[in-house]
Amino acid sequence: MAELERWKGKVALVTGGTSGIGEKIARDLAGIGMKVAVTGRRAERLEALAKELKAGGGEMLPLPGDMRKEEDILSFFPAIRDAWGTVDVLVNNAGMGKMSTLAEGKTEDWRETLDVNVLAVSIAIREALKEMEGKEDAQIINISTIYAYRPQVPNFPYYQASKFAIQAMTGTLRAELHAKGSKIKVAMISPGMTATEFRGVATGGKLVYEDYFKDFHPLMPADVSQAALYILATPAYVQVQDVLLSPMGQGL
Ligand SMILES: NC(=O)c1ccc[n+]([C@@H]2O[C@H](COP(=O)([O-])OP(=O)(O)OC[C@H]3O[C@@H](n4cnc5c(N)ncnc54)[C@H](OP(=O)(O)O)[C@@H]3O)[C@@H](O)[C@H]2O)c1
């Protein structure tokens with residue numbers, strides 16, 4: 001897409017790029033010539049990705065850290081500034097959920113879900129805004145889920161609640177920025193079931209995606225990343241609010 005040319009050499013921060021959707025978005029942003037800072041706890045995966053992207057002519061800064069720790073999130077921004085300058089694109093992708101009912105769920109799992117999926121996203125947005133303010137072209141993309149629209153999974157209450165919160169925050173942020181006359185754009189992507197490591201995490205390793213997707217083809221990380229590229233390809237006057245997508249066969 002020729003429209004993506006304008007992002008070449010600009011700086012992106014992608015949270016949760018050690019696997020799945022975030023990894024694919026990081027690869028694709030490096031592929032269009034962006035300088036990409038990528039976070040995650042699994043430092044060895046970040047190093048391997050950086051090595052691979054650099055070998056292909058890309059630029060990637062590995063930023064190991066835990067999204068539950070505010071000091072880790074705060075440390076990303078000066079590290080990026082030292083390497084390249086301020087952030088132009090923020091992709092809030094890091095996320096998790098633990099399957100349990102409200103009747104039997106563990107408080108610590110609920111707290112972790114809120115910390116990673118809501119608080120960490122809020123902190124990253126606040127810090128990124130300081131750097132994006134006054135820019136003519138800047139984009140925040142929050143990865144939500146189709147369940148923020150259709151909370152139909154009975155044993156996933158906190159995950160769904162956390163993504164409802166993302167939806168509310170995204171809309172509020174857009175209104176805040178509009179009131180200031182800001183040029184920063186804010187979008188969400190709300191995918192249905194996608195083939196990643198997410199379900200392994202959600203079930204404590206009991207289920208991998210092959211168990212889930214016997215009856216239909218899931219979305220692939222590339223399908224979600226295409227939505228991110230579409231958002232970035234839109235001209236400055238177009239605000240994509242949400243890209244809602246699901247695999248055929250999921251029944252949503
Ligand atoms: N898969 C789906 O069906 C689906 C559907 C809709 C939306 N989503 C959303 O898509 C996003 C990406 O998920 P995915 O499906 O690609 O799952 P994934 O493969 O499990 O990736 C999750 C990413 O988040 C990072 N992460 C999780 N907890 C973290 C923490 N405490 N600190 C730092 N990083 C953390 C992981 O990194 P480390 O483990 O290395 O820390 C990993 O890079 C999430 O926001 C998820 O809610 C997924």
# chains A, B, ... in the order shown; residues from 1 in each chain; ligands from 1

call {"tool": "residues_around", "arguments": {"residues": "A:Gly85", "least_positions_apart": "5", "cutoff": "12 Å", "atoms": "only C-alpha atoms", "output": "MDAnalysis selection string"}}
result
chainID A and resid 9:13 35:37 76:80 128 131:132

call {"tool": "closest_atom_pairs", "arguments": {"of": "chain A", "to": "ligand 1", "cutoff": "7 Å", "atoms": "only C-alpha atoms and all ligand atoms", "output": "Markdown table"}}
result
| residue | atom | partner | partner_atom_place_in_ligand_line | distance |
| --- | --- | --- | --- | --- |
| A:Thr15 | CA | ligand 1 | 34 (N) | 6.8 |
| A:Gly16 | CA | ligand 1 | 43 (O) | 3.3 |
| A:Gly17 | CA | ligand 1 | 43 (O) | 4.3 |
| A:Thr18 | CA | ligand 1 | 43 (O) | 3.9 |
| A:Ser19 | CA | ligand 1 | 19 (O) | 4.4 |
| A:Gly20 | CA | ligand 1 | 16 (O) | 3.5 |
| A:Ile21 | CA | ligand 1 | 16 (O) | 3.8 |
| A:Gly22 | CA | ligand 1 | 16 (O) | 5.7 |
| A:Glu23 | CA | ligand 1 | 43 (O) | 6.9 |
| A:Thr39 | CA | ligand 1 | 34 (N) | 6.6 |
| A:Gly40 | CA | ligand 1 | 41 (O) | 4.0 |
| A:Arg41 | CA | ligand 1 | 41 (O) | 3.5 |
| A:Arg42 | CA | ligand 1 | 40 (O) | 3.9 |
| A:Gly65 | CA | ligand 1 | 33 (C) | 5.8 |
| A:Asp66 | CA | ligand 1 | 32 (N) | 3.5 |
| A:Met67 | CA | ligand 1 | 32 (N) | 3.8 |
| A:Arg68 | CA | ligand 1 | 31 (N) | 5.2 |
| A:Asn93 | CA | ligand 1 | 45 (O) | 4.6 |
| A:Ala94 | CA | ligand 1 | 24 (O) | 3.5 |
| A:Gly95 | CA | ligand 1 | 45 (O) | 3.5 |
| A:Met96 | CA | ligand 1 | 27 (C) | 5.2 |
| A:Val116 | CA | ligand 1 | 31 (N) | 5.6 |
| A:Asn117 | CA | ligand 1 | 45 (O) | 6.8 |
| A:Ile143 | CA | ligand 1 | 45 (O) | 5.3 |
| A:Ser144 | CA | ligand 1 | 7 (C) | 5.3 |
| A:Thr145 | CA | ligand 1 | 6 (C) | 4.0 |
| A:Ile146 | CA | ligand 1 | 6 (C) | 6.4 |
| A:Ser190 | CA | ligand 1 | 6 (C) | 6.0 |
| A:Pro191 | CA | ligand 1 | 6 (C) | 4.3 |
| A:Gly192 | CA | ligand 1 | 5 (C) | 4.8 |
| A:Met193 | CA | ligand 1 | 3 (O) | 3.4 |
| A:Thr194 | CA | ligand 1 | 3 (O) | 3.7 |
| A:Ala195 | CA | ligand 1 | 1 (N) | 5.7 |
| A:Thr196 | CA | ligand 1 | 19 (O) | 4.4 |
| A:Glu197 | CA | ligand 1 | 19 (O) | 3.9 |
| A:Phe198 | CA | ligand 1 | 20 (O) | 3.6 |
| A:Arg199 | CA | ligand 1 | 1 (N) | 6.9 |
| A:Val201 | CA | ligand 1 | 20 (O) | 6.2 |

call {"tool": "write_last_selection", "arguments": {"atoms": "N, CA and C atoms", "output": "tab-separated table (two decimals), in the first residue's frame"}}
result
chain	number	residue	atom	x	y	z
A	15	THR	N	3.26	-3.44	22.13
A	15	THR	CA	3.37	-4.21	23.37
A	15	THR	C	2.94	-5.65	23.11
A	16	GLY	N	3.61	-6.57	23.79
A	16	GLY	CA	3.25	-7.98	23.66
A	16	GLY	C	3.59	-8.54	22.29
A	17	GLY	N	4.85	-8.39	21.90
A	17	GLY	CA	5.25	-8.86	20.56
A	17	GLY	C	6.06	-10.14	20.59
A	18	THR	N	5.97	-10.90	21.68
A	18	THR	CA	6.75	-12.14	21.73
A	18	THR	C	6.00	-13.31	21.09
A	19	SER	N	4.74	-13.11	20.76
A	19	SER	CA	3.99	-14.18	20.09
A	19	SER	C	2.74	-13.59	19.45
A	20	GLY	N	2.05	-14.43	18.68
A	20	GLY	CA	0.70	-14.13	18.19
A	20	GLY	C	0.56	-12.84	17.40
A	21	ILE	N	-0.50	-12.11	17.74
A	21	ILE	CA	-0.90	-10.93	16.97
A	21	ILE	C	0.17	-9.84	17.05
A	22	GLY	N	0.70	-9.61	18.25
A	22	GLY	CA	1.70	-8.54	18.42
A	22	GLY	C	2.96	-8.82	17.63
A	23	GLU	N	3.37	-10.08	17.63
A	23	GLU	CA	4.59	-10.43	16.88
A	23	GLU	C	4.38	-10.15	15.39
A	39	THR	N	7.75	-5.14	23.13
A	39	THR	CA	7.85	-5.53	24.53
A	39	THR	C	7.31	-6.95	24.76
A	40	GLY	N	7.60	-7.46	25.95
A	40	GLY	CA	7.15	-8.78	26.38
A	40	GLY	C	8.06	-9.27	27.48
A	41	ARG	N	7.58	-10.26	28.25
A	41	ARG	CA	8.44	-10.77	29.34
A	41	ARG	C	9.50	-11.73	28.82
A	42	ARG	N	9.22	-12.41	27.72
A	42	ARG	CA	10.15	-13.45	27.23
A	42	ARG	C	11.26	-12.80	26.40
A	65	GLY	N	9.99	-6.60	29.55
A	65	GLY	CA	9.32	-5.97	30.69
A	65	GLY	C	7.98	-6.62	30.96
A	66	ASP	N	7.50	-6.37	32.18
A	66	ASP	CA	6.24	-6.95	32.63
A	66	ASP	C	5.19	-5.84	32.70
A	67	MET	N	4.11	-6.00	31.96
A	67	MET	CA	3.09	-4.95	31.90
A	67	MET	C	2.36	-4.78	33.23
A	68	ARG	N	2.58	-5.67	34.18
A	68	ARG	CA	1.98	-5.49	35.51
A	68	ARG	C	2.77	-4.49	36.35
A	93	ASN	N	-1.21	-4.04	22.45
A	93	ASN	CA	-1.61	-5.39	22.10
A	93	ASN	C	-1.48	-6.38	23.26
A	94	ALA	N	-0.49	-6.18	24.14
A	94	ALA	CA	-0.26	-7.16	25.23
A	94	ALA	C	-1.58	-7.40	25.96
A	95	GLY	N	-1.91	-8.65	26.14
A	95	GLY	CA	-3.17	-8.96	26.82
A	95	GLY	C	-3.23	-10.41	27.20
A	96	MET	N	-4.10	-10.72	28.14
A	96	MET	CA	-4.26	-12.09	28.60
A	96	MET	C	-5.63	-12.24	29.27
A	116	VAL	N	-2.99	-6.02	33.38
A	116	VAL	CA	-2.37	-6.10	32.05
A	116	VAL	C	-3.28	-5.48	30.98
A	117	ASN	N	-4.56	-5.79	31.03
A	117	ASN	CA	-5.44	-5.40	29.92
A	117	ASN	C	-5.99	-3.99	30.04
A	143	ILE	N	-5.90	-3.14	20.92
A	143	ILE	CA	-6.45	-4.44	20.51
A	143	ILE	C	-7.49	-4.87	21.54
A	144	SER	N	-8.72	-4.95	21.08
A	144	SER	CA	-9.83	-5.37	21.94
A	144	SER	C	-10.23	-6.79	21.55
A	145	THR	N	-11.51	-7.08	21.52
A	145	THR	CA	-12.00	-8.41	21.11
A	145	THR	C	-13.45	-8.27	20.69
A	146	ILE	N	-13.90	-9.22	19.91
A	146	ILE	CA	-15.31	-9.23	19.52
A	146	ILE	C	-16.20	-9.42	20.76
A	190	SER	N	-11.04	-5.34	16.92
A	190	SER	CA	-11.78	-6.26	17.78
A	190	SER	C	-11.94	-7.60	17.08
A	191	PRO	N	-10.94	-8.47	17.22
A	191	PRO	CA	-11.00	-9.75	16.50
A	191	PRO	C	-11.78	-10.82	17.24
A	192	GLY	N	-12.28	-11.77	16.46
A	192	GLY	CA	-12.78	-13.02	17.03
A	192	GLY	C	-11.61	-13.97	17.22
A	193	MET	N	-11.94	-15.25	17.33
A	193	MET	CA	-10.90	-16.24	17.69
A	193	MET	C	-9.75	-16.26	16.69
A	194	THR	N	-8.57	-16.13	17.23
A	194	THR	CA	-7.36	-16.03	16.42
A	194	THR	C	-6.37	-17.09	16.89
A	195	ALA	N	-5.68	-17.70	15.95
A	195	ALA	CA	-4.76	-18.79	16.28
A	195	ALA	C	-3.46	-18.24	16.85
A	196	THR	N	-3.39	-18.19	18.17
A	196	THR	CA	-2.19	-17.69	18.86
A	196	THR	C	-1.98	-18.57	20.11
A	197	GLU	N	-1.10	-18.11	20.99
A	197	GLU	CA	-0.87	-18.85	22.24
A	197	GLU	C	-1.88	-18.49	23.33
A	198	PHE	N	-2.81	-17.62	22.98
A	198	PHE	CA	-3.74	-17.04	23.96
A	198	PHE	C	-4.51	-18.11	24.75
A	199	ARG	N	-4.99	-19.15	24.04
A	199	ARG	CA	-5.83	-20.14	24.73
A	199	ARG	C	-5.03	-21.04	25.66
A	201	VAL	N	-2.53	-19.89	27.45
A	201	VAL	CA	-2.41	-19.04	28.65
A	201	VAL	C	-3.73	-19.06	29.43

call {"tool": "select_by_dssp", "arguments": {"residues": "stretch 12-246 of chain A", "states": "strand (DSSP E)", "output": "PyMOL selection string"}}
result
chain A and resi 12-14+35-40+59-64+89-92+138-143+184-191+242-245

call {"tool": "closest_residue", "arguments": {"among": "A:Ala175, A:Pro62, A:Gly97, A:Pro154", "to": "A:Val118", "atoms": "only C-alpha atoms"}}
result
A:Gly97

call {"tool": "closest_atom_pairs", "arguments": {"of": "stretch 175-247 of chain A", "to": "stretch 107-111 of chain A", "cutoff": "12 Å", "atoms": "only C-alpha atoms", "output": "JSON lines"}}
result
{"residue": "A:Val201", "atom": "CA", "partner": "A:Asp109", "partner_atom": "CA", "distance": 11.5}
{"residue": "A:Ala202", "atom": "CA", "partner": "A:Asp109", "partner_atom": "CA", "distance": 10.1}
{"residue": "A:Thr203", "atom": "CA", "partner": "A:Asp109", "partner_atom": "CA", "distance": 11.6}
{"residue": "A:Gly204", "atom": "CA", "partner": "A:Asp109", "partner_atom": "CA", "distance": 11.3}

call {"tool": "write_last_selection", "arguments": {"atoms": "N, CA and C atoms", "output": "compact mmCIF listing (two decimals), in the first residue's frame"}}
result
# COMPACT_ATOMS: atom_id res chain seq x y z
N VAL A 201 -2.53 -19.89 27.45
CA VAL A 201 -2.41 -19.04 28.65
C VAL A 201 -3.73 -19.06 29.43
N ALA A 202 -4.84 -18.96 28.69
CA ALA A 202 -6.16 -18.84 29.33
C ALA A 202 -6.55 -20.08 30.12
N THR A 203 -6.02 -21.23 29.69
CA THR A 203 -6.42 -22.49 30.33
C THR A 203 -5.27 -23.12 31.11
N GLY A 204 -4.25 -22.33 31.37
CA GLY A 204 -3.10 -22.87 32.11
C GLY A 204 -2.42 -24.01 31.36

call {"tool": "atom_distance", "arguments": {"atom1": "atom CA of A:Pro157", "atom2": "atom CA of A:Glu112"}}
result
13.2 Å

call {"tool": "residues_around", "arguments": {"residues": "A:Met188", "least_positions_apart": "5", "cutoff": "10 Å", "atoms": "only C-alpha atoms", "output": "VMD selection string"}}
result
chain A and resid 91 to 92 140 to 145 166 to 167 170 to 171 227 to 228 231 240 to 244

call {"tool": "write_last_selection", "arguments": {"atoms": "N, CA and C atoms", "output": "PDB file, in the first residue's frame"}}
result
ATOM      1  N   VAL A  91       0.830   0.541  19.589  1.00  0.00           N
ATOM      2  CA  VAL A  91      -0.116  -0.572  19.454  1.00  0.00           C
ATOM      3  C   VAL A  91      -0.212  -1.267  20.808  1.00  0.00           C
ATOM      4  N   ASN A  92      -1.330  -1.053  21.483  1.00  0.00           N
ATOM      5  CA  ASN A  92      -1.573  -1.692  22.778  1.00  0.00           C
ATOM      6  C   ASN A  92      -2.133  -3.082  22.527  1.00  0.00           C
ATOM      7  N   ILE A 140      -2.839   5.673  17.704  1.00  0.00           N
ATOM      8  CA  ILE A 140      -2.907   4.670  18.778  1.00  0.00           C
ATOM      9  C   ILE A 140      -3.875   3.587  18.319  1.00  0.00           C
ATOM     10  N   ILE A 141      -3.456   2.331  18.475  1.00  0.00           N
ATOM     11  CA  ILE A 141      -4.338   1.208  18.125  1.00  0.00           C
ATOM     12  C   ILE A 141      -4.462   0.315  19.362  1.00  0.00           C
ATOM     13  N   ASN A 142      -5.671   0.146  19.846  1.00  0.00           N
ATOM     14  CA  ASN A 142      -5.922  -0.728  20.989  1.00  0.00           C
ATOM     15  C   ASN A 142      -6.519  -2.040  20.502  1.00  0.00           C
ATOM     16  N   ILE A 143      -5.900  -3.141  20.916  1.00  0.00           N
ATOM     17  CA  ILE A 143      -6.447  -4.438  20.510  1.00  0.00           C
ATOM     18  C   ILE A 143      -7.494  -4.872  21.538  1.00  0.00           C
ATOM     19  N   SER A 144      -8.720  -4.947  21.079  1.00  0.00           N
ATOM     20  CA  SER A 144      -9.833  -5.368  21.939  1.00  0.00           C
ATOM     21  C   SER A 144     -10.234  -6.792  21.553  1.00  0.00           C
ATOM     22  N   THR A 145     -11.507  -7.083  21.516  1.00  0.00           N
ATOM     23  CA  THR A 145     -11.998  -8.405  21.108  1.00  0.00           C
ATOM     24  C   THR A 145     -13.454  -8.272  20.690  1.00  0.00           C
ATOM     25  N   ILE A 166     -11.625  -1.304  27.724  1.00  0.00           N
ATOM     26  CA  ILE A 166     -10.810  -0.764  26.613  1.00  0.00           C
ATOM     27  C   ILE A 166     -11.696  -0.001  25.635  1.00  0.00           C
ATOM     28  N   GLN A 167     -12.871  -0.569  25.384  1.00  0.00           N
ATOM     29  CA  GLN A 167     -13.797   0.099  24.464  1.00  0.00           C
ATOM     30  C   GLN A 167     -14.197   1.473  25.033  1.00  0.00           C
ATOM     31  N   THR A 170     -11.187   3.863  24.904  1.00  0.00           N
ATOM     32  CA  THR A 170     -10.856   4.289  23.541  1.00  0.00           C
ATOM     33  C   THR A 170     -11.776   5.435  23.119  1.00  0.00           C
ATOM     34  N   GLY A 171     -13.064   5.270  23.389  1.00  0.00           N
ATOM     35  CA  GLY A 171     -14.024   6.321  23.038  1.00  0.00           C
ATOM     36  C   GLY A 171     -13.766   7.603  23.821  1.00  0.00           C
ATOM     37  N   ALA A 227      -5.496  -5.478   9.459  1.00  0.00           N
ATOM     38  CA  ALA A 227      -6.382  -4.404   9.941  1.00  0.00           C
ATOM     39  C   ALA A 227      -5.545  -3.243  10.470  1.00  0.00           C
ATOM     40  N   ALA A 228      -4.443  -3.564  11.146  1.00  0.00           N
ATOM     41  CA  ALA A 228      -3.563  -2.494  11.652  1.00  0.00           C
ATOM     42  C   ALA A 228      -2.964  -1.711  10.484  1.00  0.00           C
ATOM     43  N   ILE A 231      -5.545   0.590   9.028  1.00  0.00           N
ATOM     44  CA  ILE A 231      -5.728   1.795   9.862  1.00  0.00           C
ATOM     45  C   ILE A 231      -4.608   2.805   9.564  1.00  0.00           C
ATOM     46  N   VAL A 240     -10.452   5.692  11.758  1.00  0.00           N
ATOM     47  CA  VAL A 240     -11.053   4.359  11.863  1.00  0.00           C
ATOM     48  C   VAL A 240     -11.348   4.158  13.346  1.00  0.00           C
ATOM     49  N   GLN A 241     -12.568   3.853  13.680  1.00  0.00           N
ATOM     50  CA  GLN A 241     -12.910   3.721  15.104  1.00  0.00           C
ATOM     51  C   GLN A 241     -12.695   2.292  15.580  1.00  0.00           C
ATOM     52  N   ASP A 242     -13.158   1.327  14.777  1.00  0.00           N
ATOM     53  CA  ASP A 242     -12.980  -0.070  15.172  1.00  0.00           C
ATOM     54  C   ASP A 242     -13.020  -0.943  13.932  1.00  0.00           C
ATOM     55  N   VAL A 243     -12.208  -1.966  13.938  1.00  0.00           N
ATOM     56  CA  VAL A 243     -12.299  -2.997  12.900  1.00  0.00           C
ATOM     57  C   VAL A 243     -12.729  -4.263  13.631  1.00  0.00           C
ATOM     58  N   LEU A 244     -13.959  -4.673  13.363  1.00  0.00           N
ATOM     59  CA  LEU A 244     -14.555  -5.832  14.039  1.00  0.00           C
ATOM     60  C   LEU A 244     -14.519  -6.988  13.056  1.00  0.00           C
TER      61      LEU A 244
END

call {"tool": "decode", "arguments": {"residues": "stretch 180-201 of chain A", "atoms": "N, CA and C atoms", "output": "mmCIF file, in the first residue's frame"}}
result
data_model
loop_
_atom_site.group_PDB
_atom_site.id
_atom_site.type_symbol
_atom_site.label_atom_id
_atom_site.label_comp_id
_atom_site.auth_asym_id
_atom_site.auth_seq_id
_atom_site.Cartn_x
_atom_site.Cartn_y
_atom_site.Cartn_z
ATOM 1 N N LYS A 180 -9.314 18.854 22.429
ATOM 2 C CA LYS A 180 -8.059 19.628 22.395
ATOM 3 C C LYS A 180 -7.645 20.010 20.979
ATOM 4 N N GLY A 181 -8.416 19.551 19.998
ATOM 5 C CA GLY A 181 -8.034 19.809 18.607
ATOM 6 C C GLY A 181 -6.820 19.003 18.180
ATOM 7 N N SER A 182 -6.598 17.869 18.843
ATOM 8 C CA SER A 182 -5.419 17.039 18.557
ATOM 9 C C SER A 182 -5.564 16.297 17.225
ATOM 10 N N LYS A 183 -4.419 16.032 16.593
ATOM 11 C CA LYS A 183 -4.415 15.268 15.330
ATOM 12 C C LYS A 183 -4.184 13.772 15.591
ATOM 13 N N ILE A 184 -4.009 13.391 16.851
ATOM 14 C CA ILE A 184 -3.723 11.981 17.162
ATOM 15 C C ILE A 184 -4.986 11.149 16.927
ATOM 16 N N LYS A 185 -4.834 10.069 16.164
ATOM 17 C CA LYS A 185 -5.984 9.215 15.869
ATOM 18 C C LYS A 185 -5.991 8.000 16.804
ATOM 19 N N VAL A 186 -7.189 7.531 17.121
ATOM 20 C CA VAL A 186 -7.311 6.399 18.058
ATOM 21 C C VAL A 186 -8.261 5.361 17.467
ATOM 22 N N ALA A 187 -7.754 4.148 17.314
ATOM 23 C CA ALA A 187 -8.563 3.080 16.724
ATOM 24 C C ALA A 187 -8.541 1.847 17.625
ATOM 25 N N MET A 188 -9.509 0.970 17.392
ATOM 26 C CA MET A 188 -9.499 -0.352 18.029
ATOM 27 C C MET A 188 -9.554 -1.406 16.934
ATOM 28 N N ILE A 189 -9.040 -2.568 17.256
ATOM 29 C CA ILE A 189 -9.286 -3.745 16.423
ATOM 30 C C ILE A 189 -9.916 -4.777 17.355
ATOM 31 N N SER A 190 -11.039 -5.337 16.923
ATOM 32 C CA SER A 190 -11.783 -6.263 17.783
ATOM 33 C C SER A 190 -11.940 -7.605 17.080
ATOM 34 N N PRO A 191 -10.943 -8.474 17.219
ATOM 35 C CA PRO A 191 -10.995 -9.749 16.496
ATOM 36 C C PRO A 191 -11.781 -10.818 17.244
ATOM 37 N N GLY A 192 -12.276 -11.771 16.458
ATOM 38 C CA GLY A 192 -12.782 -13.019 17.029
ATOM 39 C C GLY A 192 -11.609 -13.966 17.221
ATOM 40 N N MET A 193 -11.937 -15.254 17.332
ATOM 41 C CA MET A 193 -10.902 -16.241 17.692
ATOM 42 C C MET A 193 -9.746 -16.263 16.692
ATOM 43 N N THR A 194 -8.569 -16.126 17.229
ATOM 44 C CA THR A 194 -7.360 -16.030 16.417
ATOM 45 C C THR A 194 -6.371 -17.092 16.894
ATOM 46 N N ALA A 195 -5.681 -17.702 15.949
ATOM 47 C CA ALA A 195 -4.758 -18.795 16.281
ATOM 48 C C ALA A 195 -3.456 -18.244 16.850
ATOM 49 N N THR A 196 -3.387 -18.190 18.168
ATOM 50 C CA THR A 196 -2.187 -17.693 18.860
ATOM 51 C C THR A 196 -1.980 -18.568 20.111
ATOM 52 N N GLU A 197 -1.100 -18.110 20.991
ATOM 53 C CA GLU A 197 -0.871 -18.853 22.240
ATOM 54 C C GLU A 197 -1.882 -18.494 23.327
ATOM 55 N N PHE A 198 -2.809 -17.621 22.982
ATOM 56 C CA PHE A 198 -3.744 -17.044 23.958
ATOM 57 C C PHE A 198 -4.515 -18.114 24.752
ATOM 58 N N ARG A 199 -4.995 -19.148 24.044
ATOM 59 C CA ARG A 199 -5.832 -20.142 24.735
ATOM 60 C C ARG A 199 -5.034 -21.043 25.664
ATOM 61 N N GLY A 200 -3.750 -21.229 25.338
ATOM 62 C CA GLY A 200 -2.863 -21.956 26.250
ATOM 63 C C GLY A 200 -2.729 -21.204 27.564
ATOM 64 N N VAL A 201 -2.528 -19.889 27.450
ATOM 65 C CA VAL A 201 -2.408 -19.039 28.654
ATOM 66 C C VAL A 201 -3.731 -19.060 29.427
#
